[in-house]
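S.K.: One file is attached below, coords.csv, containing CSV, C-alpha atoms and all ligand atoms.
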chain,number,residue,atom,x,y,z
A,1,MET,CA,30.3,49.8,92.7
A,2,LYS,CA,33.3,52.1,92.7
A,3,ILE,CA,36.0,51.3,90.2
A,4,LEU,CA,39.3,53.2,89.8
A,5,ILE,CA,41.0,53.1,86.4
A,6,THR,CA,44.5,54.5,86.2
A,7,GLY,CA,45.7,55.6,82.7
A,8,VAL,CA,42.1,56.4,81.9
A,9,ALA,CA,43.0,58.9,79.1
A,10,GLY,CA,44.8,56.0,77.4
A,11,PHE,CA,43.4,53.5,74.9
A,12,ILE,CA,42.5,50.5,77.1
A,13,GLY,CA,41.7,52.6,80.2
A,14,PHE,CA,39.4,54.9,78.3
A,15,SER,CA,37.7,52.1,76.4
A,16,PHE,CA,37.0,50.2,79.5
A,17,ALA,CA,35.7,53.2,81.4
A,18,ASN,CA,33.4,54.0,78.4
A,19,TYR,CA,32.1,50.5,78.4
A,20,LEU,CA,31.5,50.3,82.2
A,21,LEU,CA,29.7,53.7,82.2
A,22,LYS,CA,26.9,52.1,80.1
A,23,LYS,CA,26.2,49.7,82.9
A,24,LYS,CA,24.0,50.5,85.9
A,25,LYS,CA,25.3,51.2,89.4
A,26,ILE,CA,28.9,51.7,88.5
A,27,LYS,CA,30.9,54.8,89.3
A,28,ILE,CA,34.2,55.3,87.6
A,29,TYR,CA,37.1,57.2,89.1
A,30,GLY,CA,39.8,57.8,86.6
A,31,ILE,CA,43.3,59.3,86.9
A,32,ASP,CA,45.9,60.2,84.2
A,33,ASN,CA,48.6,62.8,83.8
A,34,TYR,CA,48.0,63.4,80.1
A,35,ASP,CA,51.5,62.3,79.3
A,36,ASN,CA,52.7,63.5,75.9
A,37,TYR,CA,54.2,60.3,74.5
A,38,TYR,CA,51.4,60.6,71.9
A,39,SER,CA,48.8,63.2,71.0
A,40,VAL,CA,47.5,64.9,74.2
A,41,LYS,CA,44.6,66.3,72.2
A,42,PHE,CA,43.5,62.8,71.5
A,43,LYS,CA,43.6,62.0,75.2
A,44,HIS,CA,41.6,65.1,76.0
A,45,LEU,CA,39.0,64.0,73.5
A,46,ARG,CA,38.7,60.6,75.2
A,47,ILE,CA,38.2,62.3,78.6
A,48,LYS,CA,35.7,64.8,77.2
A,49,LYS,CA,33.6,61.8,76.0
A,50,LEU,CA,33.8,60.2,79.5
A,51,LYS,CA,33.0,63.4,81.3
A,52,ALA,CA,29.6,63.5,79.5
A,53,ASN,CA,28.6,60.8,81.9
A,54,LYS,CA,27.8,62.0,85.5
A,55,ASN,CA,29.1,58.7,86.9
A,56,PHE,CA,32.6,59.5,85.8
A,57,VAL,CA,35.1,61.5,88.0
A,58,PHE,CA,38.4,62.5,86.6
A,59,ASN,CA,41.5,63.8,88.4
A,60,LYS,CA,44.8,64.7,86.7
A,61,ILE,CA,47.3,62.9,88.8
A,62,ASP,CA,50.9,61.8,88.0
A,63,ILE,CA,51.5,58.4,89.6
A,64,THR,CA,55.2,59.1,90.0
A,65,LYS,CA,54.3,62.0,92.4
A,66,LYS,CA,54.0,60.3,95.8
A,67,LYS,CA,52.4,63.1,97.7
A,68,ASP,CA,49.7,63.9,95.1
A,69,LEU,CA,48.9,60.3,94.9
A,70,SER,CA,48.5,59.8,98.6
A,71,ASN,CA,46.4,62.9,98.8
A,72,TYR,CA,44.2,61.5,96.1
A,73,PHE,CA,43.7,58.2,97.9
A,74,LYS,CA,42.7,60.0,101.2
A,75,LYS,CA,39.0,59.3,102.1
A,76,LYS,CA,38.6,57.1,99.0
A,77,ASP,CA,37.5,53.5,98.8
A,78,PHE,CA,37.3,51.4,95.7
A,79,ASP,CA,35.8,48.0,95.1
A,80,TYR,CA,38.1,47.3,92.1
A,81,ILE,CA,41.1,48.9,90.6
A,82,PHE,CA,42.4,48.5,87.0
A,83,HIS,CA,45.9,49.9,86.9
A,84,PHE,CA,46.7,50.7,83.2
A,85,ALA,CA,48.8,53.9,83.6
A,86,ALA,CA,52.2,53.2,82.2
A,87,GLN,CA,54.8,54.3,79.7
A,88,ALA,CA,53.8,51.9,76.9
A,89,GLY,CA,55.7,51.0,73.7
A,90,VAL,CA,58.6,48.6,73.2
A,91,ARG,CA,60.6,50.7,70.8
A,92,TYR,CA,60.5,54.0,72.7
A,93,SER,CA,62.1,52.2,75.7
A,94,LEU,CA,65.3,52.1,73.7
A,95,ILE,CA,65.2,55.9,73.5
A,96,ASN,CA,64.1,56.8,77.0
A,97,PRO,CA,64.7,53.8,79.3
A,98,LYS,CA,64.7,55.9,82.5
A,99,LYS,CA,61.1,57.0,82.0
A,100,TYR,CA,60.0,53.4,81.9
A,101,PHE,CA,61.5,52.7,85.3
A,102,LYS,CA,60.1,55.8,86.7
A,103,VAL,CA,56.5,55.4,85.5
A,104,ASN,CA,56.2,51.6,85.3
A,105,LYS,CA,58.2,50.5,88.2
A,106,VAL,CA,58.2,53.4,90.7
A,107,GLY,CA,54.6,54.5,89.7
A,108,PHE,CA,53.3,50.9,90.2
A,109,GLU,CA,54.9,50.7,93.6
A,110,ASN,CA,53.4,54.1,94.5
A,111,ILE,CA,50.0,52.9,93.6
A,112,PHE,CA,50.5,49.8,95.6
A,113,SER,CA,51.6,51.6,98.8
A,114,ASN,CA,48.2,53.5,98.7
A,115,ILE,CA,45.9,50.6,97.9
A,116,ILE,CA,47.0,48.4,100.8
A,117,LYS,CA,45.2,50.9,103.0
A,118,LEU,CA,41.9,50.5,101.2
A,119,LYS,CA,39.2,48.6,103.2
A,120,LYS,CA,36.8,47.4,100.5
A,121,LEU,CA,39.1,46.6,97.7
A,122,LYS,CA,38.3,43.1,96.2
A,123,THR,CA,40.7,42.9,93.3
A,124,PHE,CA,43.6,44.8,91.9
A,125,PHE,CA,44.0,44.2,88.2
A,126,TYR,CA,47.1,45.5,86.5
A,127,ALA,CA,48.4,45.6,82.9
A,128,SER,CA,51.3,43.4,82.2
A,129,SER,CA,52.3,42.5,78.6
A,130,SER,CA,53.0,39.6,76.2
A,131,SER,CA,56.5,41.1,75.9
A,132,VAL,CA,57.4,39.5,79.3
A,133,TYR,CA,57.9,36.2,77.3
A,134,GLY,CA,60.5,37.6,74.9
A,135,SER,CA,61.4,35.5,71.9
A,136,LYS,CA,59.9,32.0,71.9
A,137,LYS,CA,60.3,29.1,69.5
A,138,LYS,CA,57.3,27.1,70.5
A,139,PHE,CA,53.7,28.4,70.2
A,140,PRO,CA,51.2,29.1,71.6
A,141,THR,CA,52.9,30.6,74.7
A,142,PHE,CA,51.4,29.4,77.9
A,143,GLU,CA,51.4,31.4,81.2
A,144,SER,CA,53.8,28.7,82.6
A,145,SER,CA,56.4,29.6,80.0
A,146,SER,CA,59.6,31.2,81.2
A,147,LEU,CA,59.9,34.9,81.1
A,148,SER,CA,62.8,36.4,79.1
A,149,PRO,CA,62.1,40.1,78.5
A,150,GLN,CA,64.0,41.6,75.6
A,151,SER,CA,63.3,45.3,76.1
A,152,ILE,CA,63.4,47.8,79.0
A,153,TYR,CA,59.6,48.0,78.6
A,154,ALA,CA,59.2,44.3,79.1
A,155,LYS,CA,61.6,44.3,82.0
A,156,THR,CA,59.5,46.8,83.9
A,157,LYS,CA,56.5,44.6,83.3
A,158,VAL,CA,58.3,41.6,84.7
A,159,LEU,CA,59.3,43.7,87.8
A,160,ASN,CA,55.7,44.6,88.3
A,161,GLU,CA,54.7,41.0,88.2
A,162,LYS,CA,57.4,40.0,90.7
A,163,PHE,CA,56.4,42.8,93.0
A,164,ALA,CA,52.7,41.9,92.8
A,165,ASN,CA,53.4,38.2,93.4
A,166,LYS,CA,55.5,39.0,96.4
A,167,MET,CA,52.8,41.3,97.8
A,168,SER,CA,49.9,38.9,97.1
A,169,ASN,CA,50.4,36.9,100.3
A,170,LYS,CA,50.5,40.1,102.4
A,171,VAL,CA,47.2,41.7,101.3
A,172,ASN,CA,43.5,40.9,101.7
A,173,PHE,CA,42.5,41.6,98.1
A,174,LYS,CA,43.1,39.5,95.0
A,175,ILE,CA,45.7,40.5,92.4
A,176,LEU,CA,45.7,39.6,88.8
A,177,GLY,CA,48.2,40.5,86.1
A,178,LEU,CA,46.7,40.9,82.6
A,179,ARG,CA,49.2,40.0,79.9
A,180,PHE,CA,47.8,41.9,76.9
A,181,PHE,CA,48.8,40.9,73.4
A,182,THR,CA,48.6,43.7,70.7
A,183,VAL,CA,45.3,45.3,71.5
A,184,TYR,CA,43.7,47.2,68.5
A,185,GLY,CA,40.4,48.9,67.7
A,186,GLU,CA,38.5,52.2,67.8
A,187,TRP,CA,40.2,54.9,69.9
A,188,GLY,CA,43.4,52.9,69.6
A,189,ARG,CA,47.0,54.0,70.1
A,190,PRO,CA,48.5,56.2,67.4
A,191,ASP,CA,52.0,54.7,68.0
A,192,MET,CA,50.9,51.2,67.1
A,193,PHE,CA,51.0,49.6,63.6
A,194,ILE,CA,47.5,50.2,62.2
A,195,PHE,CA,47.2,53.9,63.1
A,196,LYS,CA,50.8,54.6,62.3
A,197,MET,CA,50.3,53.2,58.8
A,198,LEU,CA,47.1,55.1,58.3
A,199,LYS,CA,48.6,58.3,59.5
A,200,SER,CA,51.6,58.1,57.1
A,201,HIS,CA,49.1,57.5,54.3
A,202,LYS,CA,46.9,60.4,55.1
A,203,ASN,CA,49.9,62.8,55.6
A,204,ASN,CA,51.5,61.5,52.4
A,205,LYS,CA,54.6,60.3,54.3
A,206,ILE,CA,56.6,57.2,53.7
A,207,PHE,CA,55.6,54.3,56.0
A,208,TYR,CA,58.6,52.2,57.1
A,209,LEU,CA,57.7,48.5,57.4
A,210,ASN,CA,59.9,46.9,60.0
A,211,ASN,CA,61.6,43.6,59.3
A,212,PHE,CA,60.0,43.6,55.8
A,213,GLY,CA,56.7,42.8,57.7
A,214,ASN,CA,58.1,39.4,58.6
A,215,HIS,CA,56.4,39.5,62.1
A,216,GLN,CA,53.4,37.8,63.6
A,217,ARG,CA,51.3,39.5,66.2
A,218,ASP,CA,48.4,38.1,68.2
A,219,PHE,CA,46.0,41.0,67.5
A,220,THR,CA,43.2,41.2,70.0
A,221,TYR,CA,40.2,43.4,69.4
A,222,ILE,CA,39.4,46.0,72.1
A,223,GLN,CA,35.6,45.1,72.1
A,224,ASP,CA,36.6,41.5,73.1
A,225,ILE,CA,39.0,42.8,75.8
A,226,LEU,CA,36.2,44.9,77.4
A,227,ILE,CA,33.8,41.9,77.7
A,228,ILE,CA,36.6,39.8,79.2
A,229,LEU,CA,37.7,42.5,81.7
A,230,PHE,CA,34.1,42.9,82.8
A,231,LYS,CA,33.7,39.2,83.3
A,232,LEU,CA,36.9,39.0,85.3
A,233,ILE,CA,35.5,41.4,87.9
A,234,LYS,CA,32.9,38.8,88.9
A,235,ILE,CA,35.4,36.0,89.5
A,236,LYS,CA,35.6,35.1,93.2
A,237,LYS,CA,39.0,33.4,93.2
A,238,PHE,CA,42.0,33.3,91.0
A,239,ASN,CA,44.3,30.3,91.1
A,240,HIS,CA,46.9,32.1,88.9
A,241,LYS,CA,48.8,35.3,89.3
A,242,ALA,CA,48.8,36.5,85.6
A,243,ILE,CA,46.9,35.5,82.6
A,244,ASN,CA,47.2,35.9,78.8
A,245,ILE,CA,44.6,38.2,77.3
A,246,CYS,CA,44.7,37.3,73.6
A,247,SER,CA,42.7,36.0,70.7
A,248,SER,CA,45.4,33.3,70.0
A,249,LYS,CA,45.3,34.0,66.3
A,250,PRO,CA,48.5,35.6,65.1
A,251,ILE,CA,48.4,37.8,62.1
A,252,ASN,CA,51.2,38.3,59.6
A,253,ILE,CA,52.2,41.9,59.5
A,254,LYS,CA,53.2,41.8,55.8
A,255,LYS,CA,49.7,40.4,55.0
A,256,LEU,CA,48.1,43.1,57.1
A,257,SER,CA,50.2,45.9,55.4
A,258,ASP,CA,49.3,44.4,51.9
A,259,TYR,CA,45.7,44.5,52.8
A,260,LEU,CA,45.7,48.1,54.0
A,261,LYS,CA,47.9,49.1,51.0
A,262,LYS,CA,45.3,47.7,48.6
A,263,LYS,CA,42.3,48.9,50.6
A,264,LEU,CA,43.6,52.5,50.7
A,265,ASN,CA,45.6,52.5,47.5
A,266,MET,CA,48.8,53.3,49.5
A,267,LYS,CA,51.9,54.0,47.5
A,268,ARG,CA,54.7,55.1,49.9
A,269,ILE,CA,55.8,52.0,51.9
A,270,LYS,CA,59.4,51.2,52.4
A,271,SER,CA,60.6,47.9,54.0
A,272,ILE,CA,63.4,48.1,56.4
A,273,LYS,CA,65.4,45.6,58.5
A,274,LYS,CA,64.5,44.3,61.9
A,275,ASN,CA,64.6,46.4,65.1
A,276,SER,CA,66.6,44.5,67.7
A,277,TYR,CA,63.9,44.9,70.3
A,278,ASP,CA,61.1,43.4,68.4
A,279,VAL,CA,60.3,39.7,68.8
A,280,ASN,CA,59.3,37.8,65.6
A,281,THR,CA,56.1,36.3,66.8
A,282,THR,CA,53.6,36.7,69.6
A,283,HIS,CA,51.0,34.0,69.9
A,284,GLY,CA,49.6,33.3,73.3
A,285,SER,CA,47.4,30.5,74.5
A,286,ASN,CA,44.0,31.7,75.8
A,287,LEU,CA,43.0,28.4,77.3
A,288,LEU,CA,43.5,29.6,80.9
A,289,LEU,CA,41.6,32.8,80.1
A,290,LYS,CA,38.7,30.7,78.8
A,291,LYS,CA,38.7,28.7,82.0
A,292,TYR,CA,37.9,31.8,83.9
A,293,VAL,CA,35.5,33.5,81.5
A,294,LYS,CA,33.3,32.2,78.8
A,295,VAL,CA,34.3,33.9,75.6
A,296,LYS,CA,31.7,33.1,72.9
A,297,LYS,CA,34.0,33.9,70.0
A,298,PHE,CA,36.8,36.4,69.3
A,299,THR,CA,36.0,39.0,66.7
A,300,ASN,CA,37.1,38.1,63.2
A,301,PHE,CA,40.3,40.1,62.5
A,302,LYS,CA,39.1,41.6,59.1
A,303,LYS,CA,35.9,42.8,60.8
A,304,GLY,CA,37.7,44.4,63.7
A,305,LEU,CA,40.3,45.9,61.3
A,306,ASN,CA,37.6,47.4,59.0
A,307,ASN,CA,35.8,48.8,62.0
A,308,THR,CA,39.0,50.4,63.2
A,309,VAL,CA,40.1,51.8,59.9
A,310,ASN,CA,36.6,53.2,59.1
A,311,TRP,CA,36.4,54.8,62.6
A,312,TYR,CA,39.9,56.4,62.3
A,313,LEU,CA,39.2,57.9,58.9
A,314,LYS,CA,35.7,59.0,59.6
A,315,ASN,CA,36.8,60.9,62.8
A,316,LYS,CA,40.0,62.2,61.1
A,317,ILE,CA,42.1,61.1,64.0
A,318,TYR,CA,45.3,61.6,61.9
A,319,LYS,CA,44.7,65.4,62.2
A,320,LEU,CA,45.2,65.3,66.1
B,401,LIG,N1,47.7,48.3,73.9
B,401,LIG,C1,48.3,47.2,73.9
B,401,LIG,O1,48.4,46.5,72.9
B,401,LIG,C2,49.0,46.7,75.1
B,401,LIG,C3,49.7,45.5,75.1
B,401,LIG,C4,50.4,45.0,76.2
B,401,LIG,C5,50.3,45.8,77.4
B,401,LIG,N2,49.7,47.0,77.4
B,401,LIG,C6,49.6,47.7,78.7
B,401,LIG,O2,48.3,48.1,79.0
B,401,LIG,C7,48.3,49.4,79.6
B,401,LIG,C8,47.4,50.3,78.9
B,401,LIG,O3,47.9,50.4,77.5
B,401,LIG,P1,47.3,51.4,76.5
B,401,LIG,O4,47.5,50.8,75.1
B,401,LIG,O5,46.0,51.9,76.9
B,401,LIG,O6,48.4,52.6,76.6
B,401,LIG,P2,48.2,54.2,76.6
B,401,LIG,O7,49.5,54.8,76.4
B,401,LIG,O8,47.2,54.6,75.6
B,401,LIG,O9,47.6,54.5,78.0
B,401,LIG,C9,48.4,54.7,79.2
B,401,LIG,C10,48.0,55.9,79.9
B,401,LIG,O10,48.8,56.1,81.0
B,401,LIG,C11,49.0,57.5,81.2
B,401,LIG,N3,50.2,57.7,82.0
B,401,LIG,C12,51.5,57.6,81.6
B,401,LIG,N4,52.3,58.0,82.6
B,401,LIG,C13,51.6,58.4,83.6
B,401,LIG,C14,51.8,58.9,84.9
B,401,LIG,N5,53.1,59.1,85.3
B,401,LIG,N6,50.8,59.1,85.7
B,401,LIG,C15,49.5,58.9,85.3
B,401,LIG,N7,49.2,58.4,84.1
B,401,LIG,C16,50.2,58.2,83.3
B,401,LIG,C17,49.1,58.0,79.8
B,401,LIG,O11,48.9,59.4,79.8
B,401,LIG,C18,48.1,57.2,79.0
B,401,LIG,O12,46.9,57.9,78.9
B,401,LIG,C19,49.7,49.8,79.7
B,401,LIG,O13,50.2,49.4,81.0
B,401,LIG,C20,50.4,49.0,78.7
B,401,LIG,O14,51.8,48.8,79.0
B,401,LIG,C21,49.0,47.5,76.3
Go ahead and express the file in the form of structure tokens.
Ligand SMILES: NC(=O)c1ccc[n+]([C@@H]2O[C@H](COP(=O)([O-])OP(=O)(O)OC[C@H]3O[C@@H](n4cnc5c(N)ncnc54)[C@H](O)[C@@H]3O)[C@@H](O)[C@H]2O)c1
M.R.:
Amino acid sequence: MKILITGVAGFIGFSFANYLLKKKKIKIYGIDNYDNYYSVKFKHLRIKKLKANKNFVFNKIDITKKKDLSNYFKKKDFDYIFHFAAQAGVRYSLINPKKYFKVNKVGFENIFSNIIKLKKLKTFFYASSSSVYGSKKKFPTFESSSLSPQSIYAKTKVLNEKFANKMSNKVNFKILGLRFFTVYGEWGRPDMFIFKMLKSHKNNKIFYLNNFGNHQRDFTYIQDILIILFKLIKIKKFNHKAINICSSKPINIKKLSDYLKKKLNMKRIKSIKKNSYDVNTTHGSNLLLKKYVKVKKFTNFKKGLNNTVNWYLKNKIYKL
């Protein structure tokens, strides 16, 4: 089985490639442009680990470069594609909105114009985001809830979903949007809460706690995500266009920061007011997800968190 993963030097792409490479008869093709939004050294480390497996083939490709991308797809055929390459991060979309349109919208459409030519493709999975829902008052959020993106990042994910939905009647393969909710774990993103807090601590810098920690996030452990994604590959038919990928157990950020503060004896934390782009709560329903795949149990948050923190400190990721 041949699987293409875009954004393979990134957190979810790398983790999924690493997981699949342990299975038999799977060849992984990965592309990424080593974008410098966060530590490129860290991304190289991830690719180095994947390259140790002979069933992994990497190409440095920028999905916004049409010609390079179409050359890449020449003479290739994949059974499944996981499109994870994107400019991630809600807050950075306030600083550099153009990049989001270029990578997330134009890049997505470039990928699409190439995959329609593939003969064996069974499913095109792509990363959407919980941010497509915007601020909600009722929880949990179901897939049928209205979409009201609050940031440029979220808007580009809605554009992807609209484009994919429009194309779904015109292609021979299945398409599924994956609405991820705050994924965390080993090899995670340095721009996200847990690693940001750990890095400030290790570098003896002040950690700024947004909105006084008055947020709830539906943290979902990477190891659970990997099992779910693998199970989704085997589904013969999807009756939905996008599904929530979440544990459906929101965690209060203040409680999380208090826990880390105590665990690490952190001193330098400063609470600041709310960022206009941040929604207060994300709390998805995973009932639909559970209809498609049997999930035994989501990992207990404390367990996932401790694994994550220990891995980060042991490997001195804050130095990268
Ligand atoms: N991690 C989460 O909690 C979360 C939540 C919701 C949605 N998502 C989405 O899931 C996907 C994967 O997220 P992640 O956390 O692994 O992010 P990530 O930033 O770690 O990975 C994205 C990868 O895409 C690559 N990339 C960026 N621009 C590119 C380009 N022009 N050409 C080729 N590659 C490019 C980056 O170099 C990076 O390695 C993204 O689409 C993201 O928006 C993630």
S.K.: Residues of chain A that approach ligand LIG 401 (chain B) to 7 Å or less, counting all atoms listed in the file: could you list each one with the shortest pair of atoms and its distance in Å to one decimal, rows by chain and increasing residue number, as JSON lines?
M.R.:
{"residue": "A:Thr6", "atom": "CA", "partner": "B:LIG401", "partner_atom": "N7", "distance": 6.5}
{"residue": "A:Gly7", "atom": "CA", "partner": "B:LIG401", "partner_atom": "O10", "distance": 3.6}
{"residue": "A:Val8", "atom": "CA", "partner": "B:LIG401", "partner_atom": "O12", "distance": 5.9}
{"residue": "A:Ala9", "atom": "CA", "partner": "B:LIG401", "partner_atom": "O12", "distance": 4.0}
{"residue": "A:Gly10", "atom": "CA", "partner": "B:LIG401", "partner_atom": "O12", "distance": 3.2}
{"residue": "A:Phe11", "atom": "CA", "partner": "B:LIG401", "partner_atom": "O5", "distance": 3.6}
{"residue": "A:Ile12", "atom": "CA", "partner": "B:LIG401", "partner_atom": "O5", "distance": 3.8}
{"residue": "A:Gly13", "atom": "CA", "partner": "B:LIG401", "partner_atom": "O5", "distance": 5.5}
{"residue": "A:Ile31", "atom": "CA", "partner": "B:LIG401", "partner_atom": "C15", "distance": 6.4}
{"residue": "A:Asp32", "atom": "CA", "partner": "B:LIG401", "partner_atom": "N7", "distance": 3.8}
{"residue": "A:Asn33", "atom": "CA", "partner": "B:LIG401", "partner_atom": "C15", "distance": 4.3}
{"residue": "A:Tyr34", "atom": "CA", "partner": "B:LIG401", "partner_atom": "O11", "distance": 4.1}
{"residue": "A:Asp35", "atom": "CA", "partner": "B:LIG401", "partner_atom": "O11", "distance": 3.9}
{"residue": "A:Asn36", "atom": "CA", "partner": "B:LIG401", "partner_atom": "O11", "distance": 6.8}
{"residue": "A:Lys43", "atom": "CA", "partner": "B:LIG401", "partner_atom": "O12", "distance": 6.4}
{"residue": "A:Ile61", "atom": "CA", "partner": "B:LIG401", "partner_atom": "C15", "distance": 5.8}
{"residue": "A:Asp62", "atom": "CA", "partner": "B:LIG401", "partner_atom": "N6", "distance": 3.5}
{"residue": "A:Ile63", "atom": "CA", "partner": "B:LIG401", "partner_atom": "N6", "distance": 4.0}
{"residue": "A:Thr64", "atom": "CA", "partner": "B:LIG401", "partner_atom": "N5", "distance": 5.1}
{"residue": "A:Phe84", "atom": "CA", "partner": "B:LIG401", "partner_atom": "C7", "distance": 4.1}
{"residue": "A:Ala85", "atom": "CA", "partner": "B:LIG401", "partner_atom": "O10", "distance": 3.4}
{"residue": "A:Ala86", "atom": "CA", "partner": "B:LIG401", "partner_atom": "O13", "distance": 4.5}
{"residue": "A:Gln87", "atom": "CA", "partner": "B:LIG401", "partner_atom": "C12", "distance": 5.0}
{"residue": "A:Ala88", "atom": "CA", "partner": "B:LIG401", "partner_atom": "O14", "distance": 4.2}
{"residue": "A:Gly89", "atom": "CA", "partner": "B:LIG401", "partner_atom": "O14", "distance": 6.9}
{"residue": "A:Val103", "atom": "CA", "partner": "B:LIG401", "partner_atom": "N5", "distance": 5.0}
{"residue": "A:Gly107", "atom": "CA", "partner": "B:LIG401", "partner_atom": "N5", "distance": 6.5}
{"residue": "A:Ala127", "atom": "CA", "partner": "B:LIG401", "partner_atom": "O13", "distance": 4.6}
{"residue": "A:Ser128", "atom": "CA", "partner": "B:LIG401", "partner_atom": "C5", "distance": 5.5}
{"residue": "A:Ser129", "atom": "CA", "partner": "B:LIG401", "partner_atom": "C4", "distance": 4.0}
{"residue": "A:Ser130", "atom": "CA", "partner": "B:LIG401", "partner_atom": "C4", "distance": 6.0}
{"residue": "A:Arg179", "atom": "CA", "partner": "B:LIG401", "partner_atom": "C4", "distance": 6.3}
{"residue": "A:Phe180", "atom": "CA", "partner": "B:LIG401", "partner_atom": "C4", "distance": 4.1}
{"residue": "A:Phe181", "atom": "CA", "partner": "B:LIG401", "partner_atom": "C3", "distance": 5.0}
{"residue": "A:Thr182", "atom": "CA", "partner": "B:LIG401", "partner_atom": "O1", "distance": 3.6}
{"residue": "A:Val183", "atom": "CA", "partner": "B:LIG401", "partner_atom": "O1", "distance": 3.6}
{"residue": "A:Tyr184", "atom": "CA", "partner": "B:LIG401", "partner_atom": "O1", "distance": 6.5}
{"residue": "A:Arg189", "atom": "CA", "partner": "B:LIG401", "partner_atom": "O8", "distance": 5.5}
S.K.: Near Phe219 in chain A, within 10 Å and counting only C-alpha atoms, which residues show up once chain neighbours fewer than 3 positions away are dropped, as a ChimeraX atom specification?
M.R.: /A:180-185,216,222,246-252,282-283,301,304-305
S.K.: By how many Å are CA of Lys98 in chain A and CA of Phe82 in chain A apart?
M.R.: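 Taking CA of Lys98 in chain A as the start and CA of Phe82 in chain A as the end point, the length is 23.9 Å.
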S.K.: Find the spatial neighbours of range 285-296 of chain A, counting all atoms listed in the file, within a cut-off of 12 Å - ignore same-chain residues fewer than 2 positions away - and output them as a ChimeraX atom specification.
M.R.: /A:130,138-145,176-181,218,220,223-250,282-283,298-299
S.K.: Got a sec: who's within 12 Å of range 195-209 of chain A, counting all atoms listed in the file, leaving out chain neighbours fewer than 3 positions off, as a PDB file with C-alpha atoms, in the frame of the given file?
M.R.:
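Printed below is selection-v5.pdb as written:
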ATOM      1  CA  TYR A  38      51.400  60.600  71.900  1.00  0.00           C
ATOM      2  CA  TYR A 184      43.700  47.200  68.500  1.00  0.00           C
ATOM      3  CA  GLY A 185      40.400  48.900  67.700  1.00  0.00           C
ATOM      4  CA  GLU A 186      38.500  52.200  67.800  1.00  0.00           C
ATOM      5  CA  TRP A 187      40.200  54.900  69.900  1.00  0.00           C
ATOM      6  CA  GLY A 188      43.400  52.900  69.600  1.00  0.00           C
ATOM      7  CA  ARG A 189      47.000  54.000  70.100  1.00  0.00           C
ATOM      8  CA  PRO A 190      48.500  56.200  67.400  1.00  0.00           C
ATOM      9  CA  ASP A 191      52.000  54.700  68.000  1.00  0.00           C
ATOM     10  CA  MET A 192      50.900  51.200  67.100  1.00  0.00           C
ATOM     11  CA  PHE A 212      60.000  43.600  55.800  1.00  0.00           C
ATOM     12  CA  GLY A 213      56.700  42.800  57.700  1.00  0.00           C
ATOM     13  CA  ASN A 214      58.100  39.400  58.600  1.00  0.00           C
ATOM     14  CA  HIS A 215      56.400  39.500  62.100  1.00  0.00           C
ATOM     15  CA  ILE A 253      52.200  41.900  59.500  1.00  0.00           C
ATOM     16  CA  LYS A 254      53.200  41.800  55.800  1.00  0.00           C
ATOM     17  CA  LYS A 255      49.700  40.400  55.000  1.00  0.00           C
ATOM     18  CA  LEU A 256      48.100  43.100  57.100  1.00  0.00           C
ATOM     19  CA  SER A 257      50.200  45.900  55.400  1.00  0.00           C
ATOM     20  CA  ASP A 258      49.300  44.400  51.900  1.00  0.00           C
ATOM     21  CA  TYR A 259      45.700  44.500  52.800  1.00  0.00           C
ATOM     22  CA  LEU A 260      45.700  48.100  54.000  1.00  0.00           C
ATOM     23  CA  LYS A 261      47.900  49.100  51.000  1.00  0.00           C
ATOM     24  CA  LYS A 262      45.300  47.700  48.600  1.00  0.00           C
ATOM     25  CA  LYS A 263      42.300  48.900  50.600  1.00  0.00           C
ATOM     26  CA  LEU A 264      43.600  52.500  50.700  1.00  0.00           C
ATOM     27  CA  ASN A 265      45.600  52.500  47.500  1.00  0.00           C
ATOM     28  CA  MET A 266      48.800  53.300  49.500  1.00  0.00           C
ATOM     29  CA  LYS A 267      51.900  54.000  47.500  1.00  0.00           C
ATOM     30  CA  ARG A 268      54.700  55.100  49.900  1.00  0.00           C
ATOM     31  CA  ILE A 269      55.800  52.000  51.900  1.00  0.00           C
ATOM     32  CA  LYS A 270      59.400  51.200  52.400  1.00  0.00           C
ATOM     33  CA  SER A 271      60.600  47.900  54.000  1.00  0.00           C
ATOM     34  CA  ILE A 272      63.400  48.100  56.400  1.00  0.00           C
ATOM     35  CA  LYS A 273      65.400  45.600  58.500  1.00  0.00           C
ATOM     36  CA  LYS A 274      64.500  44.300  61.900  1.00  0.00           C
ATOM     37  CA  ASN A 275      64.600  46.400  65.100  1.00  0.00           C
ATOM     38  CA  LEU A 305      40.300  45.900  61.300  1.00  0.00           C
ATOM     39  CA  THR A 308      39.000  50.400  63.200  1.00  0.00           C
ATOM     40  CA  VAL A 309      40.100  51.800  59.900  1.00  0.00           C
ATOM     41  CA  ASN A 310      36.600  53.200  59.100  1.00  0.00           C
ATOM     42  CA  TRP A 311      36.400  54.800  62.600  1.00  0.00           C
ATOM     43  CA  TYR A 312      39.900  56.400  62.300  1.00  0.00           C
ATOM     44  CA  LEU A 313      39.200  57.900  58.900  1.00  0.00           C
ATOM     45  CA  LYS A 316      40.000  62.200  61.100  1.00  0.00           C
ATOM     46  CA  ILE A 317      42.100  61.100  64.000  1.00  0.00           C
ATOM     47  CA  TYR A 318      45.300  61.600  61.900  1.00  0.00           C
ATOM     48  CA  LYS A 319      44.700  65.400  62.200  1.00  0.00           C
ATOM     49  CA  LEU A 320      45.200  65.300  66.100  1.00  0.00           C
TER      50      LEU A 320
END
S.K.: One decimal, in Å: what's the spacing between CA of Ser151 in chain A and CA of Thr281 in chain A?
M.R.: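 Atom-to-atom, CA of Ser151 in chain A to CA of Thr281 in chain A, that is 14.8 Å.
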